[in-house]
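Q: Following this line is start-v5.tsv, made up of TSV, N, CA and C atoms:
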chain	number	residue	atom	x	y	z
A	1	GLN	N	12.19	150.96	98.43
A	1	GLN	CA	10.74	150.96	98.32
A	1	GLN	C	10.25	152.40	98.18
A	2	LEU	N	9.33	152.60	97.25
A	2	LEU	CA	8.83	153.94	96.99
A	2	LEU	C	7.97	154.42	98.15
A	3	GLN	N	8.22	155.62	98.61
A	3	GLN	CA	7.38	156.25	99.61
A	3	GLN	C	6.87	157.57	99.05
A	4	LEU	N	5.62	157.90	99.39
A	4	LEU	CA	4.98	159.09	98.85
A	4	LEU	C	4.49	159.98	99.98
A	5	VAL	N	4.64	161.28	99.80
A	5	VAL	CA	4.15	162.25	100.77
A	5	VAL	C	3.40	163.34	100.03
A	6	GLU	N	2.13	163.53	100.39
A	6	GLU	CA	1.33	164.59	99.79
A	6	GLU	C	1.41	165.85	100.65
A	7	SER	N	1.22	166.98	99.99
A	7	SER	CA	1.15	168.26	100.69
A	7	SER	C	0.38	169.24	99.82
A	8	GLY	N	0.03	170.37	100.43
A	8	GLY	CA	-0.61	171.43	99.66
A	8	GLY	C	-2.10	171.61	99.90
A	9	GLY	N	-2.69	170.73	100.68
A	9	GLY	CA	-4.11	170.88	100.96
A	9	GLY	C	-4.39	172.05	101.87
A	10	GLY	N	-5.68	172.34	102.05
A	10	GLY	CA	-6.05	173.44	102.93
A	10	GLY	C	-7.49	173.83	102.74
A	11	LEU	N	-7.84	174.96	103.34
A	11	LEU	CA	-9.18	175.51	103.25
A	11	LEU	C	-9.18	176.60	102.18
A	12	VAL	N	-10.12	176.51	101.25
A	12	VAL	CA	-10.19	177.48	100.16
A	12	VAL	C	-11.65	177.79	99.87
A	13	GLN	N	-11.90	179.00	99.42
A	13	GLN	CA	-13.27	179.39	99.08
A	13	GLN	C	-13.66	178.83	97.71
A	14	PRO	N	-14.94	178.65	97.47
A	14	PRO	CA	-15.38	178.22	96.14
A	14	PRO	C	-14.83	179.14	95.06
A	15	GLY	N	-14.37	178.53	93.98
A	15	GLY	CA	-13.74	179.27	92.91
A	15	GLY	C	-12.24	179.42	93.06
A	16	GLY	N	-11.73	179.04	94.21
A	16	GLY	CA	-10.30	179.18	94.47
A	16	GLY	C	-9.47	178.06	93.87
A	17	SER	N	-8.17	178.13	94.14
A	17	SER	CA	-7.21	177.17	93.57
A	17	SER	C	-6.26	176.66	94.64
A	18	LEU	N	-5.75	175.47	94.39
A	18	LEU	CA	-4.70	174.88	95.21
A	18	LEU	C	-3.80	174.05	94.31
A	19	ARG	N	-2.56	173.86	94.74
A	19	ARG	CA	-1.68	172.92	94.05
A	19	ARG	C	-1.22	171.87	95.06
A	20	LEU	N	-1.58	170.64	94.77
A	20	LEU	CA	-1.17	169.53	95.62
A	20	LEU	C	0.11	168.92	95.07
A	21	SER	N	0.97	168.49	95.99
A	21	SER	CA	2.24	167.87	95.60
A	21	SER	C	2.29	166.45	96.13
A	22	CYS	N	2.88	165.59	95.36
A	22	CYS	CA	3.13	164.19	95.76
A	22	CYS	C	4.62	163.95	95.52
A	23	THR	N	5.38	163.96	96.61
A	23	THR	CA	6.83	163.84	96.51
A	23	THR	C	7.26	162.43	96.87
A	24	ALA	N	8.05	161.84	96.00
A	24	ALA	CA	8.49	160.46	96.17
A	24	ALA	C	9.90	160.40	96.72
A	25	SER	N	10.16	159.32	97.44
A	25	SER	CA	11.51	159.01	97.90
A	25	SER	C	11.70	157.51	97.82
A	26	GLY	N	12.95	157.10	97.74
A	26	GLY	CA	13.25	155.67	97.69
A	26	GLY	C	13.31	155.09	96.30
A	27	ALA	N	12.82	155.82	95.32
A	27	ALA	CA	12.85	155.36	93.93
A	27	ALA	C	12.51	156.55	93.03
A	28	THR	N	12.77	156.35	91.75
A	28	THR	CA	12.49	157.41	90.78
A	28	THR	C	11.05	157.31	90.31
A	29	ILE	N	10.29	158.37	90.49
A	29	ILE	CA	8.86	158.33	90.22
A	29	ILE	C	8.57	158.20	88.73
A	30	ASP	N	9.53	158.51	87.88
A	30	ASP	CA	9.32	158.39	86.44
A	30	ASP	C	8.98	156.96	86.02
A	31	TYR	N	9.42	155.99	86.81
A	31	TYR	CA	9.19	154.60	86.44
A	31	TYR	C	7.79	154.11	86.82
A	32	TYR	N	6.99	155.00	87.41
A	32	TYR	CA	5.70	154.60	87.96
A	32	TYR	C	4.54	155.33	87.27
A	33	THR	N	3.44	154.63	87.15
A	33	THR	CA	2.17	155.29	86.87
A	33	THR	C	1.69	155.89	88.19
A	34	VAL	N	1.30	157.15	88.15
A	34	VAL	CA	0.89	157.84	89.38
A	34	VAL	C	-0.56	158.31	89.25
A	35	GLY	N	-1.33	158.03	90.26
A	35	GLY	CA	-2.72	158.47	90.28
A	35	GLY	C	-3.01	159.36	91.47
A	36	TRP	N	-3.91	160.30	91.26
A	36	TRP	CA	-4.47	161.09	92.35
A	36	TRP	C	-5.89	160.60	92.59
A	37	PHE	N	-6.18	160.34	93.84
A	37	PHE	CA	-7.50	159.86	94.25
A	37	PHE	C	-8.03	160.78	95.35
A	38	ARG	N	-9.32	160.73	95.55
A	38	ARG	CA	-9.89	161.49	96.66
A	38	ARG	C	-11.00	160.69	97.31
A	39	GLN	N	-11.20	160.99	98.59
A	39	GLN	CA	-12.25	160.31	99.33
A	39	GLN	C	-12.96	161.32	100.22
A	40	ALA	N	-14.22	161.52	99.91
A	40	ALA	CA	-15.06	162.40	100.72
A	40	ALA	C	-15.72	161.56	101.82
A	41	PRO	N	-16.19	162.22	102.88
A	41	PRO	CA	-16.82	161.48	103.98
A	41	PRO	C	-17.97	160.60	103.48
A	42	GLU	N	-17.93	159.36	103.89
A	42	GLU	CA	-18.99	158.38	103.59
A	42	GLU	C	-19.10	158.09	102.09
A	43	LYS	N	-18.05	158.36	101.35
A	43	LYS	CA	-18.04	158.03	99.93
A	43	LYS	C	-16.84	157.15	99.61
A	44	GLU	N	-16.93	156.44	98.52
A	44	GLU	CA	-15.83	155.60	98.10
A	44	GLU	C	-14.70	156.46	97.53
A	45	ARG	N	-13.50	155.92	97.61
A	45	ARG	CA	-12.36	156.60	97.01
A	45	ARG	C	-12.51	156.58	95.50
A	46	GLU	N	-12.27	157.72	94.88
A	46	GLU	CA	-12.40	157.82	93.42
A	46	GLU	C	-11.14	158.42	92.82
A	47	GLY	N	-10.84	157.95	91.61
A	47	GLY	CA	-9.69	158.50	90.90
A	47	GLY	C	-10.07	159.82	90.23
A	48	VAL	N	-9.20	160.81	90.33
A	48	VAL	CA	-9.46	162.10	89.70
A	48	VAL	C	-8.53	162.38	88.53
A	49	SER	N	-7.28	161.89	88.60
A	49	SER	CA	-6.37	162.09	87.50
A	49	SER	C	-5.19	161.15	87.65
A	50	CYS	N	-4.56	160.82	86.53
A	50	CYS	CA	-3.41	159.92	86.60
A	50	CYS	C	-2.46	160.22	85.45
A	51	LEU	N	-1.23	159.80	85.66
A	51	LEU	CA	-0.16	160.11	84.72
A	51	LEU	C	0.61	158.83	84.45
A	52	SER	N	0.92	158.60	83.18
A	52	SER	CA	1.64	157.38	82.81
A	52	SER	C	3.10	157.46	83.24
A	53	GLN	N	3.78	156.34	83.15
A	53	GLN	CA	5.23	156.34	83.35
A	53	GLN	C	5.87	157.34	82.40
A	54	TRP	N	6.84	158.05	82.90
A	54	TRP	CA	7.55	159.08	82.14
A	54	TRP	C	6.68	160.29	81.81
A	55	GLY	N	5.42	160.29	82.30
A	55	GLY	CA	4.58	161.46	82.16
A	55	GLY	C	4.13	161.76	80.76
A	56	THR	N	4.07	160.76	79.90
A	56	THR	CA	3.75	161.01	78.50
A	56	THR	C	2.26	161.12	78.22
A	57	ARG	N	1.44	160.53	79.09
A	57	ARG	CA	0.00	160.56	78.90
A	57	ARG	C	-0.69	160.80	80.23
A	58	SER	N	-1.88	161.41	80.17
A	58	SER	CA	-2.63	161.66	81.39
A	58	SER	C	-4.12	161.42	81.15
A	59	LEU	N	-4.80	161.14	82.22
A	59	LEU	CA	-6.26	161.00	82.20
A	59	LEU	C	-6.84	161.86	83.31
A	60	VAL	N	-8.03	162.39	83.06
A	60	VAL	CA	-8.71	163.21	84.05
A	60	VAL	C	-10.16	162.74	84.13
A	61	ALA	N	-10.66	162.59	85.33
A	61	ALA	CA	-12.05	162.17	85.51
A	61	ALA	C	-13.00	163.24	84.99
A	62	ASP	N	-14.13	162.80	84.50
A	62	ASP	CA	-15.11	163.74	83.94
A	62	ASP	C	-15.55	164.78	84.98
A	63	SER	N	-15.60	164.38	86.22
A	63	SER	CA	-16.09	165.28	87.28
A	63	SER	C	-15.17	166.47	87.51
A	64	VAL	N	-13.93	166.37	87.08
A	64	VAL	CA	-12.98	167.47	87.32
A	64	VAL	C	-12.34	167.96	86.02
A	65	LYS	N	-12.79	167.44	84.91
A	65	LYS	CA	-12.18	167.81	83.63
A	65	LYS	C	-12.33	169.31	83.38
A	66	GLY	N	-11.23	169.90	82.94
A	66	GLY	CA	-11.22	171.35	82.70
A	66	GLY	C	-10.88	172.16	83.94
A	67	ARG	N	-10.82	171.50	85.09
A	67	ARG	CA	-10.51	172.21	86.34
A	67	ARG	C	-9.24	171.69	87.01
A	68	PHE	N	-8.94	170.42	86.87
A	68	PHE	CA	-7.76	169.82	87.51
A	68	PHE	C	-6.75	169.44	86.44
A	69	THR	N	-5.48	169.65	86.76
A	69	THR	CA	-4.40	169.32	85.82
A	69	THR	C	-3.29	168.59	86.56
A	70	ILE	N	-2.84	167.49	85.99
A	70	ILE	CA	-1.76	166.72	86.59
A	70	ILE	C	-0.48	166.99	85.83
A	71	SER	N	0.63	167.02	86.56
A	71	SER	CA	1.92	167.25	85.92
A	71	SER	C	3.02	166.60	86.76
A	72	ARG	N	4.21	166.56	86.19
A	72	ARG	CA	5.32	165.89	86.87
A	72	ARG	C	6.58	166.73	86.74
A	73	ASP	N	7.35	166.80	87.80
A	73	ASP	CA	8.68	167.43	87.78
A	73	ASP	C	9.68	166.34	88.15
A	74	SER	N	10.32	165.78	87.16
A	74	SER	CA	11.23	164.66	87.40
A	74	SER	C	12.41	165.08	88.27
A	75	ALA	N	12.89	166.29	88.10
A	75	ALA	CA	14.04	166.75	88.88
A	75	ALA	C	13.72	166.79	90.37
A	76	LYS	N	12.45	167.03	90.69
A	76	LYS	CA	12.03	167.08	92.09
A	76	LYS	C	11.37	165.78	92.53
A	77	ASN	N	11.30	164.82	91.61
A	77	ASN	CA	10.68	163.54	91.92
A	77	ASN	C	9.27	163.73	92.49
A	78	THR	N	8.54	164.62	91.86
A	78	THR	CA	7.25	165.05	92.39
A	78	THR	C	6.20	165.09	91.28
A	79	VAL	N	4.99	164.69	91.63
A	79	VAL	CA	3.83	164.84	90.75
A	79	VAL	C	2.88	165.83	91.40
A	80	TYR	N	2.35	166.72	90.59
A	80	TYR	CA	1.47	167.78	91.09
A	80	TYR	C	0.04	167.57	90.60
A	81	LEU	N	-0.88	168.10	91.34
A	81	LEU	CA	-2.27	168.18	90.90
A	81	LEU	C	-2.72	169.62	91.14
A	82	GLN	N	-2.92	170.34	90.05
A	82	GLN	CA	-3.40	171.71	90.13
A	82	GLN	C	-4.91	171.70	90.15
A	83	LEU	N	-5.49	172.28	91.18
A	83	LEU	CA	-6.93	172.33	91.33
A	83	LEU	C	-7.38	173.78	91.14
A	84	THR	N	-8.27	174.02	90.20
A	84	THR	CA	-8.80	175.35	89.97
A	84	THR	C	-10.32	175.33	89.98
A	85	ASN	N	-10.90	176.52	90.12
A	85	ASN	CA	-12.36	176.66	90.14
A	85	ASN	C	-12.99	175.62	91.09
A	86	LEU	N	-12.46	175.56	92.28
A	86	LEU	CA	-12.89	174.53	93.23
A	86	LEU	C	-14.33	174.73	93.66
A	87	LYS	N	-14.99	173.60	93.90
A	87	LYS	CA	-16.39	173.58	94.31
A	87	LYS	C	-16.51	172.86	95.65
A	88	PRO	N	-17.56	173.14	96.39
A	88	PRO	CA	-17.73	172.45	97.68
A	88	PRO	C	-17.69	170.93	97.55
A	89	GLU	N	-18.15	170.39	96.44
A	89	GLU	CA	-18.15	168.94	96.26
A	89	GLU	C	-16.75	168.37	96.02
A	90	ASP	N	-15.75	169.23	95.87
A	90	ASP	CA	-14.36	168.78	95.77
A	90	ASP	C	-13.75	168.53	97.14
A	91	THR	N	-14.48	168.86	98.19
A	91	THR	CA	-13.99	168.64	99.54
A	91	THR	C	-13.75	167.16	99.78
A	92	ALA	N	-12.52	166.81	100.17
A	92	ALA	CA	-12.15	165.41	100.36
A	92	ALA	C	-10.71	165.34	100.86
A	93	ILE	N	-10.30	164.16	101.22
A	93	ILE	CA	-8.88	163.89	101.43
A	93	ILE	C	-8.33	163.38	100.09
A	94	TYR	N	-7.26	163.99	99.67
A	94	TYR	CA	-6.65	163.65	98.38
A	94	TYR	C	-5.39	162.81	98.62
A	95	TYR	N	-5.31	161.71	97.90
A	95	TYR	CA	-4.19	160.78	98.03
A	95	TYR	C	-3.50	160.62	96.67
A	96	CYS	N	-2.20	160.42	96.71
A	96	CYS	CA	-1.52	159.97	95.50
A	96	CYS	C	-1.09	158.53	95.71
A	97	ALA	N	-0.99	157.82	94.60
A	97	ALA	CA	-0.61	156.42	94.61
A	97	ALA	C	0.25	156.15	93.39
A	98	ALA	N	1.11	155.15	93.51
A	98	ALA	CA	2.02	154.85	92.41
A	98	ALA	C	2.12	153.35	92.20
A	99	SER	N	2.32	152.98	90.95
A	99	SER	CA	2.44	151.57	90.61
A	99	SER	C	3.38	151.42	89.42
A	100	PRO	N	4.27	150.42	89.47
A	100	PRO	CA	5.13	150.17	88.31
A	100	PRO	C	4.45	149.28	87.27
A	101	THR	N	3.26	148.75	87.62
A	101	THR	CA	2.60	147.78	86.74
A	101	THR	C	1.18	148.15	86.33
A	102	GLN	N	0.68	149.27	86.85
A	102	GLN	CA	-0.70	149.65	86.53
A	102	GLN	C	-0.82	150.01	85.05
A	103	HIS	N	-1.84	149.47	84.39
A	103	HIS	CA	-2.07	149.80	83.00
A	103	HIS	C	-2.60	151.22	82.89
A	104	PHE	N	-2.08	151.99	81.99
A	104	PHE	CA	-2.49	153.39	81.86
A	104	PHE	C	-3.99	153.51	81.65
A	105	SER	N	-4.56	152.65	80.83
A	105	SER	CA	-5.99	152.75	80.52
A	105	SER	C	-6.87	152.57	81.75
A	106	GLU	N	-6.32	151.99	82.80
A	106	GLU	CA	-7.09	151.74	84.03
A	106	GLU	C	-6.57	152.55	85.20
A	107	CYS	N	-5.78	153.56	84.93
A	107	CYS	CA	-5.08	154.23	86.03
A	107	CYS	C	-5.97	155.10	86.91
A	108	LEU	N	-7.22	155.33	86.51
A	108	LEU	CA	-8.14	156.03	87.40
A	108	LEU	C	-8.85	155.09	88.36
A	109	ARG	N	-8.64	153.81	88.18
A	109	ARG	CA	-9.28	152.83	89.05
A	109	ARG	C	-8.49	152.65	90.33
A	110	ASN	N	-9.20	152.52	91.45
A	110	ASN	CA	-8.56	152.23	92.73
A	110	ASN	C	-8.22	150.74	92.73
A	111	ASP	N	-7.08	150.43	92.17
A	111	ASP	CA	-6.71	149.06	91.82
A	111	ASP	C	-5.64	148.54	92.78
A	112	PRO	N	-5.67	147.26	93.11
A	112	PRO	CA	-4.64	146.70	94.01
A	112	PRO	C	-3.21	146.84	93.48
A	113	ARG	N	-3.09	147.10	92.18
A	113	ARG	CA	-1.73	147.29	91.66
A	113	ARG	C	-1.09	148.58	92.17
A	114	TYR	N	-1.92	149.49	92.69
A	114	TYR	CA	-1.37	150.67	93.37
A	114	TYR	C	-0.96	150.23	94.78
A	115	ARG	N	0.32	149.96	94.95
A	115	ARG	CA	0.79	149.47	96.24
A	115	ARG	C	1.41	150.54	97.11
A	116	SER	N	1.79	151.66	96.52
A	116	SER	CA	2.39	152.74	97.28
A	116	SER	C	1.38	153.87	97.37
A	117	TRP	N	1.05	154.25	98.59
A	117	TRP	CA	0.09	155.33	98.84
A	117	TRP	C	0.69	156.33	99.82
A	118	GLY	N	0.33	157.58	99.63
A	118	GLY	CA	0.68	158.59	100.61
A	118	GLY	C	-0.35	158.61	101.73
A	119	GLN	N	-0.12	159.51	102.68
A	119	GLN	CA	-0.99	159.58	103.86
A	119	GLN	C	-2.22	160.47	103.61
A	120	GLY	N	-2.19	161.23	102.53
A	120	GLY	CA	-3.33	162.07	102.18
A	120	GLY	C	-3.15	163.51	102.63
A	121	THR	N	-3.81	164.41	101.92
A	121	THR	CA	-3.84	165.82	102.29
A	121	THR	C	-5.29	166.30	102.15
A	122	ARG	N	-5.76	167.03	103.13
A	122	ARG	CA	-7.17	167.40	103.19
A	122	ARG	C	-7.41	168.70	102.42
A	123	VAL	N	-8.45	168.66	101.58
A	123	VAL	CA	-8.90	169.85	100.86
A	123	VAL	C	-10.33	170.15	101.29
A	124	THR	N	-10.55	171.36	101.76
A	124	THR	CA	-11.88	171.78	102.18
A	124	THR	C	-12.26	173.03	101.39
A	125	VAL	N	-13.37	172.94	100.68
A	125	VAL	CA	-13.85	174.07	99.89
A	125	VAL	C	-15.12	174.59	100.54
A	126	SER	N	-15.02	175.78	101.10
A	126	SER	CA	-16.15	176.33	101.85
A	126	SER	C	-16.01	177.83	101.94
A	127	SER	N	-17.17	178.49	101.94
A	127	SER	CA	-17.17	179.93	102.13
A	127	SER	C	-17.35	180.29	103.61
Now, as a test, write the supplied structure out as structure tokens.

A:
Amino acid sequence: QLQLVESGGGLVQPGGSLRLSCTASGATIDYYTVGWFRQAPEKEREGVSCLSQWGTRSLVADSVKGRFTISRDSAKNTVYLQLTNLKPEDTAIYYCAASPTQHFSECLRNDPRYRSWGQGTRVTVSS
């Protein structure tokens, strides 16, 4: 069974950068569609970026387009989310999720087909 662990969160000033990691165990992450989601206090969980199986295609939410980049390192069984030019409104807990059946066109949706979730990593953007 696929297990996911996020890391890389922290406190950063506005305009700063972070790289979040989502490391998988128990299965090869290449076989999964992987999404990064975030949830701010009192807000619904939203998708920010996702990557197709084998990492051939990606989607980025409009709210973070041009600032966040998703990538995959198959040798490390890890998917990354590079966050740049961070803003206070990016403050949230960031989660990765994986699904062997999620349709790429819907991979930004918080969908029940995402059955494997990590525990989350907190990102705080503040001066």

Q: Could you name the residues that touch Gln82 of chain A at 7 Å or less, counting all atoms listed in the file, but leaving out those on the same chain fewer than 3 positions away, as a list in words?

A: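 Selected residues are Ser17, Leu18, Arg19, Leu20, Arg67, Phe68, Thr69, Ile70 and Ser71 of chain A.
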
Q: Edge lengths and centre in Å to one decimal, as AutoDock Vina command-line options, is what I'm after for the box along x, y and z that holds all listed atoms of segment 70-86 of chain A once 6 Å is added on each side.

A:
--center_x -0.1 --center_y 170.1 --center_z 89.7 --size_x 40.4 --size_y 25.1 --size_z 19.8

Q: Which is closer to Val48 of chain A than all the others in A:Arg109, A:Lys87, A:Arg115, A:His103, using only C-alpha atoms?

A: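 Using only C-alpha atoms, the shortest distance to Val48 of chain A belongs to A:Arg109.
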
Q: Looking at A:Gly26, A:Leu108, A:Tyr95, A:Pro88, which one is nearest to Leu51 of chain A, with distances taken over all atoms listed in the file?

A: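 The closest residue to Leu51 of chain A is A:Leu108.
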
Q: Just checking: using only C-alpha atoms, which residue out of A:Gln1, A:Thr28, A:Ser63, A:Asn110 ends up closest to Glu89 of chain A?

A: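 Of A:Gln1, A:Thr28, A:Ser63, A:Asn110, the one nearest Glu89 of chain A, counting only C-alpha atoms, is A:Ser63.
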